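> Contents of entry.pdb (PDB, C-alpha atoms and all ligand atoms):
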ATOM      1  CA  MET I  17      11.527  -4.430  26.999
ATOM      2  CA  LYS I  18      13.704  -2.959  29.716
ATOM      3  CA  GLU I  19      13.733  -6.050  31.960
ATOM      4  CA  THR I  20      16.881  -8.022  32.667
ATOM      5  CA  ILE I  21      16.202 -11.738  32.848
ATOM      6  CA  THR I  22      18.394 -13.944  34.992
ATOM      7  CA  PHE I  23      18.288 -17.705  34.500
ATOM      8  CA  LEU I  24      19.284 -19.634  37.591
ATOM      9  CA  GLY I  25      20.001 -22.931  35.850
ATOM     10  CA  ALA I  26      21.320 -23.243  32.303
ATOM     11  CA  GLY I  27      20.090 -26.634  31.122
ATOM     12  CA  SER I  28      17.745 -27.752  28.315
ATOM     13  CA  MET I  29      14.746 -25.663  29.308
ATOM     14  CA  ALA I  30      16.719 -22.496  30.016
ATOM     15  CA  GLU I  31      18.388 -22.838  26.612
ATOM     16  CA  ALA I  32      15.070 -23.422  24.805
ATOM     17  CA  ILE I  33      13.673 -20.207  26.314
ATOM     18  CA  ILE I  34      16.854 -18.223  25.705
ATOM     19  CA  ALA I  35      16.894 -19.403  22.071
ATOM     20  CA  GLY I  36      13.264 -18.386  21.588
ATOM     21  CA  MET I  37      13.689 -15.014  23.283
ATOM     22  CA  THR I  38      16.871 -14.040  21.493
ATOM     23  CA  ALA I  39      15.421 -15.063  18.112
ATOM     24  CA  LYS I  40      12.393 -12.812  18.720
ATOM     25  CA  GLU I  41      14.607 -10.049  20.175
ATOM     26  CA  ILE I  42      12.056  -9.513  22.922
ATOM     27  CA  VAL I  43      14.921  -8.245  25.072
ATOM     28  CA  PRO I  44      18.443  -7.456  23.890
ATOM     29  CA  SER I  45      20.674 -10.527  24.362
ATOM     30  CA  ARG I  46      22.882  -8.624  26.791
ATOM     31  CA  GLN I  47      19.867  -8.275  29.103
ATOM     32  CA  ILE I  48      19.770 -12.031  29.540
ATOM     33  CA  ILE I  49      22.045 -13.496  32.203
ATOM     34  CA  ALA I  50      22.555 -17.190  32.894
ATOM     35  CA  THR I  51      24.207 -18.896  35.820
ATOM     36  CA  ASN I  52      24.261 -22.518  36.950
ATOM     37  CA  HIS I  53      25.592 -24.771  39.653
ATOM     38  CA  SER I  54      29.138 -25.455  38.402
ATOM     39  CA  ASN I  55      29.358 -26.235  34.681
ATOM     40  CA  LYS I  56      31.566 -23.425  33.276
ATOM     41  CA  ASP I  57      31.751 -24.938  29.780
ATOM     42  CA  ARG I  58      28.005 -24.902  29.502
ATOM     43  CA  LEU I  59      27.875 -21.193  30.403
ATOM     44  CA  GLN I  60      30.507 -20.442  27.796
ATOM     45  CA  GLU I  61      28.576 -22.419  25.213
ATOM     46  CA  LEU I  62      25.399 -20.398  25.858
ATOM     47  CA  GLU I  63      27.300 -17.110  25.900
ATOM     48  CA  HIS I  64      28.888 -17.932  22.561
ATOM     49  CA  LYS I  65      25.708 -19.229  20.930
ATOM     50  CA  TYR I  66      23.239 -16.547  22.049
ATOM     51  CA  LYS I  67      25.503 -13.591  22.925
ATOM     52  CA  ILE I  68      23.986 -13.450  26.390
ATOM     53  CA  GLN I  69      25.865 -12.713  29.612
ATOM     54  CA  THR I  70      26.867 -15.580  31.859
ATOM     55  CA  THR I  71      28.461 -15.594  35.276
ATOM     56  CA  GLN I  72      29.283 -17.938  38.100
ATOM     57  CA  ASN I  73      28.699 -15.139  40.549
ATOM     58  CA  LYS I  74      25.136 -15.713  41.751
ATOM     59  CA  GLN I  75      24.997 -12.469  43.703
ATOM     60  CA  ALA I  76      25.810 -10.434  40.587
ATOM     61  CA  ALA I  77      23.358 -12.464  38.496
ATOM     62  CA  ILE I  78      20.510 -11.928  40.937
ATOM     63  CA  GLU I  79      21.271  -8.275  41.644
ATOM     64  CA  GLN I  80      21.197  -7.426  37.944
ATOM     65  CA  GLY I  81      18.045  -9.407  37.137
ATOM     66  CA  THR I  82      14.573  -7.894  37.388
ATOM     67  CA  ILE I  83      12.983 -11.231  36.486
ATOM     68  CA  ILE I  84      14.602 -14.296  38.046
ATOM     69  CA  VAL I  85      13.846 -17.574  36.273
ATOM     70  CA  LEU I  86      14.324 -20.668  38.420
ATOM     71  CA  ALA I  87      15.433 -23.322  35.928
ATOM     72  CA  MET I  88      17.011 -26.023  38.074
ATOM     73  CA  LYS I  89      15.583 -29.480  38.813
ATOM     74  CA  PRO I  90      13.077 -29.698  41.685
ATOM     75  CA  LYS I  91      15.628 -31.625  43.772
ATOM     76  CA  ASP I  92      17.986 -28.621  43.680
ATOM     77  CA  VAL I  93      15.448 -25.967  44.582
ATOM     78  CA  LYS I  94      16.195 -25.811  48.321
ATOM     79  CA  VAL I  95      19.907 -25.228  47.870
ATOM     80  CA  ALA I  96      19.371 -22.870  44.939
ATOM     81  CA  THR I  97      16.879 -20.639  46.741
ATOM     82  CA  ALA I  98      18.956 -20.600  49.921
ATOM     83  CA  GLU I  99      21.926 -19.370  47.875
ATOM     84  CA  ILE I 100      20.078 -16.379  46.425
ATOM     85  CA  ARG I 101      17.657 -15.393  49.196
ATOM     86  CA  GLU I 102      19.788 -12.593  50.626
ATOM     87  CA  PHE I 103      20.106 -10.887  47.226
ATOM     88  CA  LEU I 104      16.411 -10.855  46.417
ATOM     89  CA  THR I 105      15.029  -7.358  46.744
ATOM     90  CA  GLU I 106      11.230  -7.390  46.671
ATOM     91  CA  ASP I 107      10.916  -5.692  43.280
ATOM     92  CA  LYS I 108      12.158  -8.833  41.533
ATOM     93  CA  ILE I 109       9.656 -11.199  39.929
ATOM     94  CA  ILE I 110      10.393 -14.894  40.455
ATOM     95  CA  VAL I 111       9.412 -17.179  37.593
ATOM     96  CA  SER I 112       9.542 -20.872  38.461
ATOM     97  CA  LEU I 113       9.754 -23.504  35.723
ATOM     98  CA  LEU I 114       9.914 -26.381  38.191
ATOM     99  CA  ALA I 115       7.539 -29.272  37.562
ATOM    100  CA  GLY I 116       5.313 -30.037  40.533
ATOM    101  CA  ILE I 117       6.622 -27.372  42.884
ATOM    102  CA  SER I 118       3.884 -24.971  44.041
ATOM    103  CA  THR I 119       4.017 -21.191  44.229
ATOM    104  CA  GLY I 120       3.102 -21.487  47.939
ATOM    105  CA  TYR I 121       6.216 -23.556  48.597
ATOM    106  CA  MET I 122       8.361 -21.153  46.598
ATOM    107  CA  GLU I 123       7.030 -18.200  48.558
ATOM    108  CA  LYS I 124       7.829 -19.981  51.839
ATOM    109  CA  GLN I 125      11.207 -21.136  50.619
ATOM    110  CA  ILE I 126      12.225 -17.662  49.498
ATOM    111  CA  GLY I 127      10.769 -16.166  52.668
ATOM    112  CA  THR I 128      10.103 -12.734  51.174
ATOM    113  CA  ASN I 129       7.061 -11.092  49.579
ATOM    114  CA  ASN I 130       8.444 -11.364  46.063
ATOM    115  CA  PRO I 131       5.851 -12.187  43.418
ATOM    116  CA  VAL I 132       6.157 -15.824  42.316
ATOM    117  CA  ILE I 133       4.775 -16.940  38.954
ATOM    118  CA  ARG I 134       4.790 -20.594  37.962
ATOM    119  CA  VAL I 135       5.372 -21.190  34.284
ATOM    120  CA  MET I 136       5.276 -24.556  32.491
ATOM    121  CA  PRO I 137       6.759 -24.257  29.001
ATOM    122  CA  ASN I 138       8.001 -26.983  26.701
ATOM    123  CA  THR I 139      11.170 -27.328  24.647
ATOM    124  CA  SER I 140       9.456 -26.110  21.461
ATOM    125  CA  ALA I 141      10.205 -22.694  23.009
ATOM    126  CA  MET I 142      13.427 -23.089  21.059
ATOM    127  CA  ILE I 143      11.534 -22.275  17.831
ATOM    128  CA  GLY I 144       8.889 -20.000  19.374
ATOM    129  CA  GLN I 145       6.288 -22.801  19.475
ATOM    130  CA  SER I 146       5.930 -23.670  23.167
ATOM    131  CA  ALA I 147       2.449 -24.225  24.604
ATOM    132  CA  THR I 148       3.036 -22.579  27.965
ATOM    133  CA  THR I 149       0.755 -22.458  31.000
ATOM    134  CA  ILE I 150       1.055 -19.874  33.773
ATOM    135  CA  ALA I 151      -0.272 -19.759  37.334
ATOM    136  CA  SER I 152       0.363 -16.968  39.792
ATOM    137  CA  GLY I 153       1.102 -17.033  43.494
ATOM    138  CA  ASN I 154      -0.246 -14.801  46.257
ATOM    139  CA  ASN I 155       1.866 -11.696  45.809
ATOM    140  CA  VAL I 156       1.361 -11.190  42.091
ATOM    141  CA  ASN I 157      -0.518  -8.253  40.573
ATOM    142  CA  GLU I 158      -2.088  -7.986  37.114
ATOM    143  CA  GLU I 159       0.743  -5.876  35.775
ATOM    144  CA  GLN I 160       3.336  -8.473  36.784
ATOM    145  CA  ILE I 161       1.426 -11.343  35.238
ATOM    146  CA  GLU I 162       0.989  -9.349  32.022
ATOM    147  CA  LEU I 163       4.708  -8.603  31.963
ATOM    148  CA  VAL I 164       5.593 -12.288  32.261
ATOM    149  CA  ARG I 165       2.920 -13.184  29.691
ATOM    150  CA  THR I 166       4.408 -10.745  27.208
ATOM    151  CA  LEU I 167       7.823 -12.195  27.785
ATOM    152  CA  ILE I 168       6.669 -15.799  27.518
ATOM    153  CA  HIS I 169       4.687 -14.936  24.405
ATOM    154  CA  ALA I 170       8.052 -14.710  22.641
ATOM    155  CA  ILE I 171       8.380 -18.478  22.955
ATOM    156  CA  GLY I 172       4.869 -19.453  21.822
ATOM    157  CA  THR I 173       1.348 -19.382  23.233
ATOM    158  CA  THR I 174       0.626 -18.591  26.885
ATOM    159  CA  THR I 175      -2.455 -19.638  28.833
ATOM    160  CA  VAL I 176      -3.211 -18.561  32.392
ATOM    161  CA  ILE I 177      -4.652 -21.470  34.406
ATOM    162  CA  ASN I 178      -5.562 -22.299  38.001
ATOM    163  CA  GLU I 179      -2.608 -23.779  39.810
ATOM    164  CA  GLU I 180      -4.579 -26.970  40.654
ATOM    165  CA  GLU I 181      -4.623 -27.778  36.935
ATOM    166  CA  MET I 182      -0.867 -27.459  36.578
ATOM    167  CA  ASP I 183      -0.013 -31.134  37.219
ATOM    168  CA  ALA I 184      -2.224 -32.350  34.373
ATOM    169  CA  PHE I 185      -1.134 -29.587  31.998
ATOM    170  CA  THR I 186       2.486 -30.392  32.811
ATOM    171  CA  ALA I 187       1.781 -33.924  31.566
ATOM    172  CA  LEU I 188      -0.062 -32.759  28.436
ATOM    173  CA  ALA I 189       2.095 -29.848  27.350
ATOM    174  CA  GLY I 190       5.316 -29.752  29.418
ATOM    175  CA  SER I 191       6.160 -33.431  28.912
ATOM    176  CA  GLY I 192       3.838 -33.727  25.908
ATOM    177  CA  PRO I 193       6.461 -33.219  23.184
ATOM    178  CA  ALA I 194       8.401 -36.236  24.503
ATOM    179  CA  PHE I 195       5.350 -38.438  24.061
ATOM    180  CA  TYR I 196       4.936 -37.376  20.429
ATOM    181  CA  TYR I 197       8.679 -37.817  19.822
ATOM    182  CA  TYR I 198       8.423 -41.324  21.255
ATOM    183  CA  MET I 199       5.775 -42.191  18.683
ATOM    184  CA  VAL I 200       7.967 -40.788  15.911
ATOM    185  CA  GLU I 201      10.892 -42.855  17.218
ATOM    186  CA  ALA I 202       8.749 -45.970  16.802
ATOM    187  CA  MET I 203       7.978 -44.884  13.235
ATOM    188  CA  GLU I 204      11.715 -44.454  12.634
ATOM    189  CA  GLN I 205      12.236 -48.070  13.678
ATOM    190  CA  PHE I 206       9.717 -49.057  11.029
ATOM    191  CA  VAL I 207      11.582 -46.975   8.448
ATOM    192  CA  ILE I 208      14.843 -48.751   9.350
ATOM    193  CA  GLU I 209      13.275 -52.198   9.261
ATOM    194  CA  LYS I 210      11.755 -51.537   5.854
ATOM    195  CA  GLY I 211      15.021 -50.073   4.533
ATOM    196  CA  LEU I 212      13.277 -46.851   3.474
ATOM    197  CA  ASP I 213      15.127 -43.651   2.649
ATOM    198  CA  LYS I 214      15.541 -41.967   6.054
ATOM    199  CA  GLU I 215      15.555 -38.407   4.729
ATOM    200  CA  VAL I 216      12.428 -38.898   2.638
ATOM    201  CA  ALA I 217      10.721 -40.625   5.566
ATOM    202  CA  LYS I 218      11.672 -37.790   7.929
ATOM    203  CA  GLN I 219      10.245 -35.174   5.598
ATOM    204  CA  LEU I 220       7.018 -37.163   5.235
ATOM    205  CA  MET I 221       6.648 -37.801   8.969
ATOM    206  CA  THR I 222       7.287 -34.202   9.991
ATOM    207  CA  GLN I 223       4.987 -32.778   7.319
ATOM    208  CA  THR I 224       2.300 -35.273   8.378
ATOM    209  CA  LEU I 225       2.651 -34.160  12.001
ATOM    210  CA  LYS I 226       2.538 -30.488  10.983
ATOM    211  CA  GLY I 227      -0.579 -31.148   8.931
ATOM    212  CA  VAL I 228      -2.219 -32.952  11.833
ATOM    213  CA  ALA I 229      -1.395 -30.079  14.203
ATOM    214  CA  GLN I 230      -2.825 -27.532  11.752
ATOM    215  CA  MET I 231      -5.958 -29.605  11.224
ATOM    216  CA  LEU I 232      -6.472 -29.943  14.989
ATOM    217  CA  ALA I 233      -5.999 -26.198  15.395
ATOM    218  CA  THR I 234      -8.257 -25.072  12.556
ATOM    219  CA  SER I 235     -10.861 -27.729  11.770
ATOM    220  CA  SER I 236     -14.319 -27.655  13.350
ATOM    221  CA  ASP I 237     -14.303 -31.485  13.278
ATOM    222  CA  SER I 238     -13.419 -33.427  16.426
ATOM    223  CA  PRO I 239     -10.268 -35.603  16.414
ATOM    224  CA  LYS I 240     -12.602 -38.624  16.197
ATOM    225  CA  THR I 241     -14.304 -37.270  13.063
ATOM    226  CA  LEU I 242     -10.946 -36.339  11.552
ATOM    227  CA  ARG I 243      -9.743 -39.890  12.183
ATOM    228  CA  GLU I 244     -12.914 -41.410  10.747
ATOM    229  CA  LYS I 245     -12.532 -39.358   7.559
ATOM    230  CA  ILE I 246      -9.217 -41.147   6.944
ATOM    231  CA  THR I 247     -10.467 -44.616   7.797
ATOM    232  CA  SER I 248     -11.973 -46.381   4.770
ATOM    233  CA  PRO I 249     -13.919 -49.531   5.695
ATOM    234  CA  GLY I 250     -11.689 -52.510   5.078
ATOM    235  CA  GLY I 251      -8.784 -50.193   4.257
ATOM    236  CA  THR I 252      -5.211 -49.635   5.413
ATOM    237  CA  THR I 253      -5.988 -47.178   8.223
ATOM    238  CA  GLU I 254      -8.542 -49.496   9.745
ATOM    239  CA  ALA I 255      -5.977 -52.291   9.732
ATOM    240  CA  GLY I 256      -3.421 -50.084  11.476
ATOM    241  CA  LEU I 257      -5.903 -48.788  14.042
ATOM    242  CA  LYS I 258      -6.988 -52.329  14.866
ATOM    243  CA  ALA I 259      -3.373 -53.197  15.638
ATOM    244  CA  LEU I 260      -3.112 -50.157  17.942
ATOM    245  CA  ALA I 261      -6.377 -51.084  19.678
ATOM    246  CA  SER I 262      -5.192 -54.663  20.154
ATOM    247  CA  HIS I 263      -2.248 -53.206  22.109
ATOM    248  CA  ASP I 264      -4.591 -51.030  24.186
ATOM    249  CA  PHE I 265      -3.207 -47.839  22.644
ATOM    250  CA  GLN I 266      -5.791 -45.532  24.207
ATOM    251  CA  LYS I 267      -5.229 -47.066  27.630
ATOM    252  CA  ALA I 268      -1.462 -46.740  27.199
ATOM    253  CA  VAL I 269      -1.741 -43.041  26.327
ATOM    254  CA  MET I 270      -4.142 -42.313  29.176
ATOM    255  CA  ASN I 271      -1.921 -44.198  31.575
ATOM    256  CA  CYS I 272       1.090 -42.267  30.313
ATOM    257  CA  LEU I 273      -0.624 -38.935  31.091
ATOM    258  CA  GLU I 274      -1.898 -40.222  34.434
ATOM    259  CA  GLN I 275       1.596 -41.307  35.485
ATOM    260  CA  ALA I 276       3.133 -38.004  34.403
ATOM    261  CA  THR I 277       0.438 -36.095  36.317
ATOM    262  CA  ASP I 278       0.993 -38.226  39.408
ATOM    263  CA  LYS I 279       4.751 -37.687  39.187
ATOM    264  CA  SER I 280       4.194 -33.942  39.207
ATOM    265  CA  LYS I 281       2.211 -34.342  42.433
ATOM    266  CA  GLU I 282       4.839 -36.696  43.832
ATOM    267  CA  LEU I 283       7.628 -34.192  43.138
ATOM    268  CA  ARG I 284       5.667 -31.709  45.189
ATOM    269  CA  SER I 285       5.292 -34.106  48.098
ATOM    270  CA  LEU I 286       8.948 -35.196  47.878
ATOM    271  CA  PHE I 287      10.566 -31.802  47.766
ATOM    272  CA  GLU I 288       8.046 -29.628  49.569
ATOM    273  CA  LYS I 289       9.102 -30.763  53.001
TER     274      LYS I 289
HETATM  275  N1  LIG K 301      13.218 -30.024  29.963
HETATM  276  C1  LIG K 301      11.939 -29.747  29.759
HETATM  277  O1  LIG K 301      11.345 -30.109  28.719
HETATM  278  C2  LIG K 301      11.162 -28.976  30.780
HETATM  279  C3  LIG K 301      11.690 -28.705  32.032
HETATM  280  N2  LIG K 301      10.958 -27.999  32.957
HETATM  281  C4  LIG K 301      11.526 -27.714  34.270
HETATM  282  O2  LIG K 301      12.685 -26.932  34.076
HETATM  283  C5  LIG K 301      13.625 -27.218  35.104
HETATM  284  C6  LIG K 301      14.980 -27.474  34.467
HETATM  285  O3  LIG K 301      14.886 -28.628  33.646
HETATM  286  P1  LIG K 301      16.018 -28.952  32.566
HETATM  287  O4  LIG K 301      16.441 -27.713  31.905
HETATM  288  O5  LIG K 301      15.497 -30.076  31.763
HETATM  289  O6  LIG K 301      17.196 -29.464  33.551
HETATM  290  P2  LIG K 301      18.757 -29.624  33.261
HETATM  291  O7  LIG K 301      19.221 -30.763  34.093
HETATM  292  O8  LIG K 301      19.004 -29.630  31.803
HETATM  293  O9  LIG K 301      19.383 -28.265  33.876
HETATM  294  C7  LIG K 301      19.395 -28.005  35.243
HETATM  295  C8  LIG K 301      20.253 -26.784  35.485
HETATM  296  O10 LIG K 301      20.136 -26.415  36.854
HETATM  297  C9  LIG K 301      21.445 -26.022  37.294
HETATM  298  N3  LIG K 301      21.528 -26.026  38.757
HETATM  299  C10 LIG K 301      21.558 -27.063  39.621
HETATM  300  N4  LIG K 301      21.677 -26.612  40.889
HETATM  301  C11 LIG K 301      21.718 -25.262  40.824
HETATM  302  C12 LIG K 301      21.873 -24.222  41.778
HETATM  303  N5  LIG K 301      21.973 -24.477  43.079
HETATM  304  N6  LIG K 301      21.903 -22.928  41.342
HETATM  305  C13 LIG K 301      21.801 -22.648  40.021
HETATM  306  N7  LIG K 301      21.664 -23.589  39.064
HETATM  307  C14 LIG K 301      21.623 -24.868  39.461
HETATM  308  C15 LIG K 301      22.368 -27.012  36.610
HETATM  309  O11 LIG K 301      23.712 -26.545  36.671
HETATM  310  P3  LIG K 301      24.987 -27.542  36.462
HETATM  311  O12 LIG K 301      24.880 -28.058  35.047
HETATM  312  O13 LIG K 301      26.160 -26.664  36.676
HETATM  313  O14 LIG K 301      24.838 -28.629  37.474
HETATM  314  C16 LIG K 301      21.752 -26.979  35.203
HETATM  315  O15 LIG K 301      22.228 -25.866  34.492
HETATM  316  C17 LIG K 301      13.102 -28.412  35.886
HETATM  317  O16 LIG K 301      12.638 -27.979  37.130
HETATM  318  C18 LIG K 301      11.961 -28.955  35.033
HETATM  319  O17 LIG K 301      10.916 -29.449  35.814
HETATM  320  C19 LIG K 301       9.727 -27.476  32.648
HETATM  321  C20 LIG K 301       9.175 -27.689  31.428
HETATM  322  C21 LIG K 301       9.810 -28.502  30.399
HETATM  323  O1  LIG K 302      10.331 -34.369  32.861
HETATM  324  C1  LIG K 302      10.224 -33.391  33.589
HETATM  325  O2  LIG K 302      10.124 -33.525  34.813
HETATM  326  C2  LIG K 302      10.177 -32.009  32.988
HETATM  327  C3  LIG K 302       8.911 -31.276  33.347
HETATM  328  C4  LIG K 302       8.111 -31.229  32.082
HETATM  329  C5  LIG K 302       9.036 -31.695  31.059
HETATM  330  N1  LIG K 302      10.164 -32.068  31.560
END
What does this structure look like when you write it as structure tokens?
Ligand SMILES: NC(=O)C1=CN([C@@H]2O[C@H](COP(=O)(O)OP(=O)(O)OC[C@H]3O[C@@H](n4cnc5c(N)ncnc54)[C@H](OP(=O)(O)O)[C@@H]3O)[C@@H](O)[C@H]2O)C=CC1
Ligand SMILES: O=C(O)[C@@H]1CCC=N1

Amino acid sequence: MKETITFLGAGSMAEAIIAGMTAKEIVPSRQIIATNHSNKDRLQELEHKYKIQTTQNKQAAIEQGTIIVLAMKPKDVKVATAEIREFLTEDKIIVSLLAGISTGYMEKQIGTNNPVIRVMPNTSAMIGQSATTIASGNNVNEEQIELVRTLIHAIGTTTVINEEEMDAFTALAGSGPAFYYYMVEAMEQFVIEKGLDKEVAKQLMTQTLKGVAQMLATSSDSPKTLREKITSPGGTTEAGLKALASHDFQKAVMNCLEQATDKSKELRSLFEK
């Protein structure tokens, strides 16, 4: 691919995408540029690790990039876009990773007719396993969305959605890995309390999770049926599930997703002023 990709922001998500893209060699490493607010050490770390280019000169970073990835926190978007506006020629595609922030706001904030595509990846991009959703703004054509899809495909699956669905999909897939990790952390506590071998337990837990993911992806059974096939009457699974139900597990999970979805909306209302 001939594109040059500039990351404005060099934190966790930028690194996960850079790691995924460089591993797949979708673009040569030297065609990836990263810049940030002020952390020079971080830029050096990324340059060293992924052989990409880094710079503190935002003008140079933007001028060289054909695809500009906004990878700062929503709270920093106003300052960040103001800093680059004058260097944005209209041929550049803007990809926004920002949770909650709409393409409409981005278009207004940038104040040009640049195409804006909103992308919600997750940190599994690092190993090419992100479940990424994409929604396009007003100035985007099919070719541009396909280009970004191809690029994002290097970090996992890509699904084009309506922008109204983005808040809920941010909860499910953008934040989603953290919710699964949280469950594994609880299992780790159990492993510690029982004095089990941590390495053995880790291997068993990760293989179990991989198996579950594969079953969900390939089986024609619903999650409920899959669960029921494990649950012998009067058995161990039933005992465990009863304990989860007694702590309102389902309610807790639904509430977790509801709160994450609402926060995405709240970010929009907070920063889109
Ligand atoms: N982490 C995740 O799992 C996911 C994150 N996202 C989205 O990605 C975005 C980044 O998140 P994450 O990587 O976790 O955040 P981090 O806090 O890890 O990184 C933020 C980066 O933004 C940089 N930055 C701040 N201000 C500016 C500026 N004015 N110009 C250029 N760079 C700037 C920071 O630079 P410095 O260090 O120098 O201050 C830092 O490199 C967020 O909007 C988030 O919603 C989306 C999906 C998943
Ligand atoms: O927590 C956040 O706001 C970001 C967006 C999705 C995952 N991390």
> Go through I:Ser112, I:Thr139, I:Gln69, I:Thr51 and flag the residue nearest ligand LIG 302 (chain K), using all atoms listed in the file for the distances.
I:Thr139
> Hey, what's within 7 Å of I:Lys108 if we count only C-alpha atoms and toss same-chain stuff fewer than 5 positions away? As a list in words, please?
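With the cut-off at 7 Å, the set is Thr82, Ile83, Ile84 and Asn130 of chain I.
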> Go through the shown structure with the PyMOL selection byres (((chain I and resi 166-182) around 7) and not hetatm) and write out the matching residues as a list in words.
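In the shown coordinates, the PyMOL selection byres (((chain I and resi 166-182) around 7) and not hetatm) covers Ile33, Gly36, Met37, Lys40, Ile42, Ala141, Gly144, Gln145, Ser146, Ala147, Thr148, Thr149, Ile150, Ala151, Glu162, Leu163, Val164, Arg165, Asp183, Ala184, Phe185 and Thr186 of chain I.
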> Counting all atoms listed in the file, which of I:Lys218, I:Lys226, I:Lys56, I:Lys289 gets nearest to I:Lys94?
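Comparing I:Lys218, I:Lys226, I:Lys56, I:Lys289 against I:Lys94, the winner is I:Lys289.
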> Give as a PyMOL selection string each residue that has an atom at most 12 Å from (10.2, -44.0, 12.7) in the file, counting all atoms listed in the file.
chain I and resi 196-222
> Select, from I:Pro249, I:Gly25, I:Gly81, I:Pro90, the residue with the minimum atom-to-atom distance to I:Arg58, counting all atoms listed in the file.
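Checking each candidate against I:Arg58, we get I:Gly25 as the closest.
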> Show me, as a list in words, the residues that have an atom within 10 Å of I:Thr22 when counting all atoms listed in the file, minus same-chain residues fewer than 4 positions from it.
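Here the answer would be Gln47, Ile48, Ile49, Ala50, Thr51, Gln69, Thr70, Lys74, Ala76, Ala77, Ile78, Glu79, Gln80, Gly81, Thr82, Ile83, Ile84, Val85, Leu86, Ala87, Ile110 and Val111 of chain I.
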> Any chance you could tabulate, as a Markdown table, the residues of chain I at most 6 Å from ligand LIG 302 (chain K) with each one's nearest atom pair and distance in Å to one decimal, using only C-alpha atoms and all ligand atoms, in chain and rising number order?

| residue | atom | partner | partner_atom | distance |
| --- | --- | --- | --- | --- |
| I:Ala115 | CA | K:LIG302 | C3 | 4.9 |
| I:Thr186 | CA | K:LIG302 | C4 | 5.7 |
| I:Gly190 | CA | K:LIG302 | C4 | 4.1 |
| I:Ser191 | CA | K:LIG302 | C5 | 4.0 |
> Return as a PyMOL selection string every polymer residue, whether protein, DNA or RNA, with at least one atom no more than 6 Å from an atom of ligand LIG 301 (chain K); count all atoms listed in the file.
chain I and resi 24-30+52-55+87-90+92+95-96+113-115+136-139+190
